[in-house]
Structures are given as C-alpha cells and as structure tokens.
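Please read the structure below before turning to the comments.
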Amino acid sequence: MFNVYLSGNMSDISLEEAKEWREYIKKDLEGDVYSGNKRCKVFSPCDYYNYESPYQSEKEIMRYELRKTRQSDLVVVNLTNHKSLGTMAEITTAYEHDIPVIGYNPTNEKIHPWQEEMCDVMFNDIEDLLFYVKKYYLN
C-alpha cells in the first residue's frame, strides 16, 4: 500500500474549501485502478481533525498529523495559503524524513524559497499533478 498525505491550510477557510481539492485527489488516486500499479491510500486530515470534530488540544492535532506525515510515502501540499504554519511543519517533517513532497500551487503565487526548495516538483494544474504521481510513484 502506497500512502499519500494531503497537506494544506485548513484554518482560515471553510471546511468545504479545505476538503474540495483533497477529495478530488483522494477519489482519483484511490479510485483509479491500473493493472500492475500499487494500491494507494490517501490520508486527508479533514477526515479526522477537521476543527468541527471533538479534540482536547492543538497539541493532540499537531502530533497526530505530523505522525501521519512521517508514515507517508508521499506528501502532496496545496500552497494556496503558503503562510500556514501547520502546512510548513508538515512539509518540513516530510523533507527531514526524505519523503517526497509534490507542490500544488494553482494560483502560481510566489512562495517562500524554502518551501520551493522542499518540494521535489511543483504543479499549477491538478491533472498534471495526478498524472505525475501515477506515472512516477504508483507504477
């Protein structure tokens, strides 16, 4: 099983906005069955700690999500709100554990140079990103 973690801002947007791109990627990667390809399990933090479900502390959420990041084979990060500290912590954790990070920057907004350096590759188009993940990580 190939594990993909979906990183990106969740705090200054609605839950629906946080879920939209994640559900699209999850449905595509988990639902696409190619002969000979690895099976894929996509982890979306929105399905667990979504700021509407009960939790005791931010520490609980942080430790859970960073643990899930370390257990992943690949991190896909949406950099639409590139100033999210939680997202930066997830990118850094993946980078320090030699887990590939695929950046998604649909608005082509200028991001911090360190974020750019920590991403193995960057995409503006979600379909190009999905094609790349399937070709280079799921084959």
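Here, A, B, ... name the chains of the structure tokens in the order displayed, residue numbers run from 1 inside each chain, and ligands are numbered from 1 in the same displayed order.
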
Strand (DSSP E) residues, from DSSP on the backbone, in region 7-109 of chain A, as a PDB file with N, CA and C atoms, in the first residue's frame:
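That gives us out.pdb:
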```
ATOM      1  N   SER A   7      -1.473  17.711   2.452  1.00  0.00           N
ATOM      2  CA  SER A   7      -1.154  18.829   3.326  1.00  0.00           C
ATOM      3  C   SER A   7      -1.669  20.133   2.725  1.00  0.00           C
ATOM      4  N   GLY A   8      -2.080  21.037   3.581  1.00  0.00           N
ATOM      5  CA  GLY A   8      -2.529  22.345   3.116  1.00  0.00           C
ATOM      6  C   GLY A   8      -3.336  23.042   4.190  1.00  0.00           C
ATOM      7  N   CYS A  40      -3.206   2.609  -3.586  1.00  0.00           N
ATOM      8  CA  CYS A  40      -2.932   3.887  -2.958  1.00  0.00           C
ATOM      9  C   CYS A  40      -3.948   4.161  -1.850  1.00  0.00           C
ATOM     10  N   LYS A  41      -3.455   4.611  -0.703  1.00  0.00           N
ATOM     11  CA  LYS A  41      -4.307   5.066   0.398  1.00  0.00           C
ATOM     12  C   LYS A  41      -3.971   6.532   0.629  1.00  0.00           C
ATOM     13  N   VAL A  42      -4.979   7.382   0.516  1.00  0.00           N
ATOM     14  CA  VAL A  42      -4.781   8.819   0.649  1.00  0.00           C
ATOM     15  C   VAL A  42      -5.323   9.271   2.002  1.00  0.00           C
ATOM     16  N   PHE A  43      -4.481   9.965   2.757  1.00  0.00           N
ATOM     17  CA  PHE A  43      -4.861  10.477   4.063  1.00  0.00           C
ATOM     18  C   PHE A  43      -5.178  11.965   3.953  1.00  0.00           C
ATOM     19  N   LEU A  74       4.497   9.710   0.376  1.00  0.00           N
ATOM     20  CA  LEU A  74       4.487  10.901  -0.464  1.00  0.00           C
ATOM     21  C   LEU A  74       3.580  11.935   0.188  1.00  0.00           C
ATOM     22  N   VAL A  75       3.977  13.208   0.101  1.00  0.00           N
ATOM     23  CA  VAL A  75       3.142  14.300   0.586  1.00  0.00           C
ATOM     24  C   VAL A  75       2.793  15.187  -0.605  1.00  0.00           C
ATOM     25  N   VAL A  76       1.507  15.466  -0.763  1.00  0.00           N
ATOM     26  CA  VAL A  76       1.037  16.435  -1.754  1.00  0.00           C
ATOM     27  C   VAL A  76       0.589  17.649  -0.949  1.00  0.00           C
ATOM     28  N   VAL A  77       1.182  18.805  -1.257  1.00  0.00           N
ATOM     29  CA  VAL A  77       0.886  20.006  -0.489  1.00  0.00           C
ATOM     30  C   VAL A  77       0.268  21.083  -1.370  1.00  0.00           C
ATOM     31  N   ASN A  78      -0.871  21.603  -0.918  1.00  0.00           N
ATOM     32  CA  ASN A  78      -1.520  22.716  -1.590  1.00  0.00           C
ATOM     33  C   ASN A  78      -0.972  23.996  -0.978  1.00  0.00           C
ATOM     34  N   VAL A 101       7.921  15.449  -1.604  1.00  0.00           N
ATOM     35  CA  VAL A 101       6.864  16.446  -1.464  1.00  0.00           C
ATOM     36  C   VAL A 101       6.540  16.991  -2.851  1.00  0.00           C
ATOM     37  N   ILE A 102       5.274  16.873  -3.241  1.00  0.00           N
ATOM     38  CA  ILE A 102       4.795  17.392  -4.518  1.00  0.00           C
ATOM     39  C   ILE A 102       3.970  18.638  -4.219  1.00  0.00           C
ATOM     40  N   GLY A 103       4.409  19.773  -4.750  1.00  0.00           N
ATOM     41  CA  GLY A 103       3.707  21.022  -4.512  1.00  0.00           C
ATOM     42  C   GLY A 103       2.609  21.265  -5.522  1.00  0.00           C
ATOM     43  N   TYR A 104       1.510  21.844  -5.028  1.00  0.00           N
ATOM     44  CA  TYR A 104       0.385  22.248  -5.877  1.00  0.00           C
ATOM     45  C   TYR A 104       0.139  23.722  -5.602  1.00  0.00           C
TER      46      TYR A 104
END
```

Please identify all polymer residues within 10 Å of region 45-49 of chain A, counting only C-alpha atoms, omitting same-chain residues fewer than 2 positions from it, and present them as number ranges by chain.
A: 5-8, 10, 15-16, 18-19, 22-23, 42-43, 51-55, 58, 60-62, 64-65, 68

Could you take the residues named above and write them with N, CA and C atoms, as a PDB file, in the first residue's frame?
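The resulting result_2.pdb:
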```
ATOM      1  N   TYR A   5      -0.124  11.634   1.854  1.00  0.00           N
ATOM      2  CA  TYR A   5      -0.649  12.598   2.828  1.00  0.00           C
ATOM      3  C   TYR A   5      -0.967  13.894   2.100  1.00  0.00           C
ATOM      4  N   LEU A   6      -2.156  14.464   2.352  1.00  0.00           N
ATOM      5  CA  LEU A   6      -2.578  15.705   1.705  1.00  0.00           C
ATOM      6  C   LEU A   6      -2.450  16.864   2.692  1.00  0.00           C
ATOM      7  N   SER A   7      -1.473  17.711   2.452  1.00  0.00           N
ATOM      8  CA  SER A   7      -1.154  18.829   3.326  1.00  0.00           C
ATOM      9  C   SER A   7      -1.669  20.133   2.725  1.00  0.00           C
ATOM     10  N   GLY A   8      -2.080  21.037   3.581  1.00  0.00           N
ATOM     11  CA  GLY A   8      -2.529  22.345   3.116  1.00  0.00           C
ATOM     12  C   GLY A   8      -3.336  23.042   4.190  1.00  0.00           C
ATOM     13  N   MET A  10      -5.980  24.741   6.583  1.00  0.00           N
ATOM     14  CA  MET A  10      -7.333  24.392   6.998  1.00  0.00           C
ATOM     15  C   MET A  10      -7.927  25.436   7.936  1.00  0.00           C
ATOM     16  N   LEU A  15     -14.522  24.450   5.969  1.00  0.00           N
ATOM     17  CA  LEU A  15     -14.227  23.023   5.874  1.00  0.00           C
ATOM     18  C   LEU A  15     -14.456  22.533   4.445  1.00  0.00           C
ATOM     19  N   GLU A  16     -15.474  23.048   3.778  1.00  0.00           N
ATOM     20  CA  GLU A  16     -15.759  22.657   2.399  1.00  0.00           C
ATOM     21  C   GLU A  16     -14.594  23.027   1.474  1.00  0.00           C
ATOM     22  N   ALA A  18     -11.464  23.443   2.392  1.00  0.00           N
ATOM     23  CA  ALA A  18     -10.324  22.600   2.769  1.00  0.00           C
ATOM     24  C   ALA A  18     -10.460  21.195   2.187  1.00  0.00           C
ATOM     25  N   LYS A  19     -11.695  20.722   2.094  1.00  0.00           N
ATOM     26  CA  LYS A  19     -11.943  19.360   1.609  1.00  0.00           C
ATOM     27  C   LYS A  19     -11.946  19.234   0.085  1.00  0.00           C
ATOM     28  N   ARG A  22      -8.788  18.115  -1.707  1.00  0.00           N
ATOM     29  CA  ARG A  22      -8.369  16.848  -1.104  1.00  0.00           C
ATOM     30  C   ARG A  22      -9.256  15.688  -1.574  1.00  0.00           C
ATOM     31  N   GLU A  23     -10.558  15.908  -1.572  1.00  0.00           N
ATOM     32  CA  GLU A  23     -11.483  14.857  -2.013  1.00  0.00           C
ATOM     33  C   GLU A  23     -11.283  14.525  -3.488  1.00  0.00           C
ATOM     34  N   VAL A  42      -4.979   7.382   0.516  1.00  0.00           N
ATOM     35  CA  VAL A  42      -4.781   8.819   0.649  1.00  0.00           C
ATOM     36  C   VAL A  42      -5.323   9.271   2.002  1.00  0.00           C
ATOM     37  N   PHE A  43      -4.481   9.965   2.757  1.00  0.00           N
ATOM     38  CA  PHE A  43      -4.861  10.477   4.063  1.00  0.00           C
ATOM     39  C   PHE A  43      -5.178  11.965   3.953  1.00  0.00           C
ATOM     40  N   TYR A  51     -11.583  20.439  12.918  1.00  0.00           N
ATOM     41  CA  TYR A  51     -11.944  21.624  13.693  1.00  0.00           C
ATOM     42  C   TYR A  51     -13.441  21.721  13.970  1.00  0.00           C
ATOM     43  N   GLU A  52     -14.183  20.719  13.541  1.00  0.00           N
ATOM     44  CA  GLU A  52     -15.583  20.606  13.924  1.00  0.00           C
ATOM     45  C   GLU A  52     -15.788  19.359  14.776  1.00  0.00           C
ATOM     46  N   SER A  53     -14.851  18.413  14.687  1.00  0.00           N
ATOM     47  CA  SER A  53     -14.936  17.201  15.495  1.00  0.00           C
ATOM     48  C   SER A  53     -14.270  17.468  16.848  1.00  0.00           C
ATOM     49  N   PRO A  54     -14.635  16.702  17.864  1.00  0.00           N
ATOM     50  CA  PRO A  54     -14.082  16.969  19.198  1.00  0.00           C
ATOM     51  C   PRO A  54     -12.588  16.629  19.285  1.00  0.00           C
ATOM     52  N   TYR A  55     -11.867  17.464  19.993  1.00  0.00           N
ATOM     53  CA  TYR A  55     -10.460  17.222  20.296  1.00  0.00           C
ATOM     54  C   TYR A  55     -10.130  17.978  21.564  1.00  0.00           C
ATOM     55  N   GLU A  58      -4.693  21.568  20.593  1.00  0.00           N
ATOM     56  CA  GLU A  58      -3.968  21.707  19.329  1.00  0.00           C
ATOM     57  C   GLU A  58      -2.771  20.758  19.311  1.00  0.00           C
ATOM     58  N   GLU A  60      -2.668  17.746  20.434  1.00  0.00           N
ATOM     59  CA  GLU A  60      -3.197  16.454  20.000  1.00  0.00           C
ATOM     60  C   GLU A  60      -3.268  16.391  18.470  1.00  0.00           C
ATOM     61  N   ILE A  61      -3.808  17.443  17.865  1.00  0.00           N
ATOM     62  CA  ILE A  61      -3.934  17.502  16.408  1.00  0.00           C
ATOM     63  C   ILE A  61      -2.557  17.521  15.755  1.00  0.00           C
ATOM     64  N   MET A  62      -1.671  18.375  16.249  1.00  0.00           N
ATOM     65  CA  MET A  62      -0.329  18.501  15.680  1.00  0.00           C
ATOM     66  C   MET A  62       0.414  17.166  15.704  1.00  0.00           C
ATOM     67  N   TYR A  64      -0.770  14.115  15.969  1.00  0.00           N
ATOM     68  CA  TYR A  64      -1.443  13.135  15.118  1.00  0.00           C
ATOM     69  C   TYR A  64      -1.093  13.362  13.648  1.00  0.00           C
ATOM     70  N   GLU A  65      -1.213  14.614  13.193  1.00  0.00           N
ATOM     71  CA  GLU A  65      -0.978  14.908  11.778  1.00  0.00           C
ATOM     72  C   GLU A  65       0.495  14.787  11.401  1.00  0.00           C
ATOM     73  N   LYS A  68       1.204  11.106  11.058  1.00  0.00           N
ATOM     74  CA  LYS A  68       0.685  10.617   9.775  1.00  0.00           C
ATOM     75  C   LYS A  68       1.580  11.064   8.617  1.00  0.00           C
TER      76      LYS A  68
END
```

To one decimal place in Å, what is the distance between CA of Arg70 (chain A) and CA of Met118 (chain A)?
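Atom-to-atom, CA of Arg70 (chain A) and CA of Met118 (chain A) are spaced 15.0 Å apart.
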
Chain A: which residues are alpha helix (DSSP H) by DSSP, as a VMD selection string?
chain A and resid 15 to 31 58 to 70 85 to 96 113 to 118 126 to 137

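CA of Tyr95 (chain A) is positioned 9.6 Å from CA of Glu117 (chain A).
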
Find the distance between CA of Lys59 (chain A) and CA of Ala89 (chain A) and write it in Å to one decimal.
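Computed distance, CA of Lys59 (chain A) to CA of Ala89 (chain A), equals 12.9 Å.
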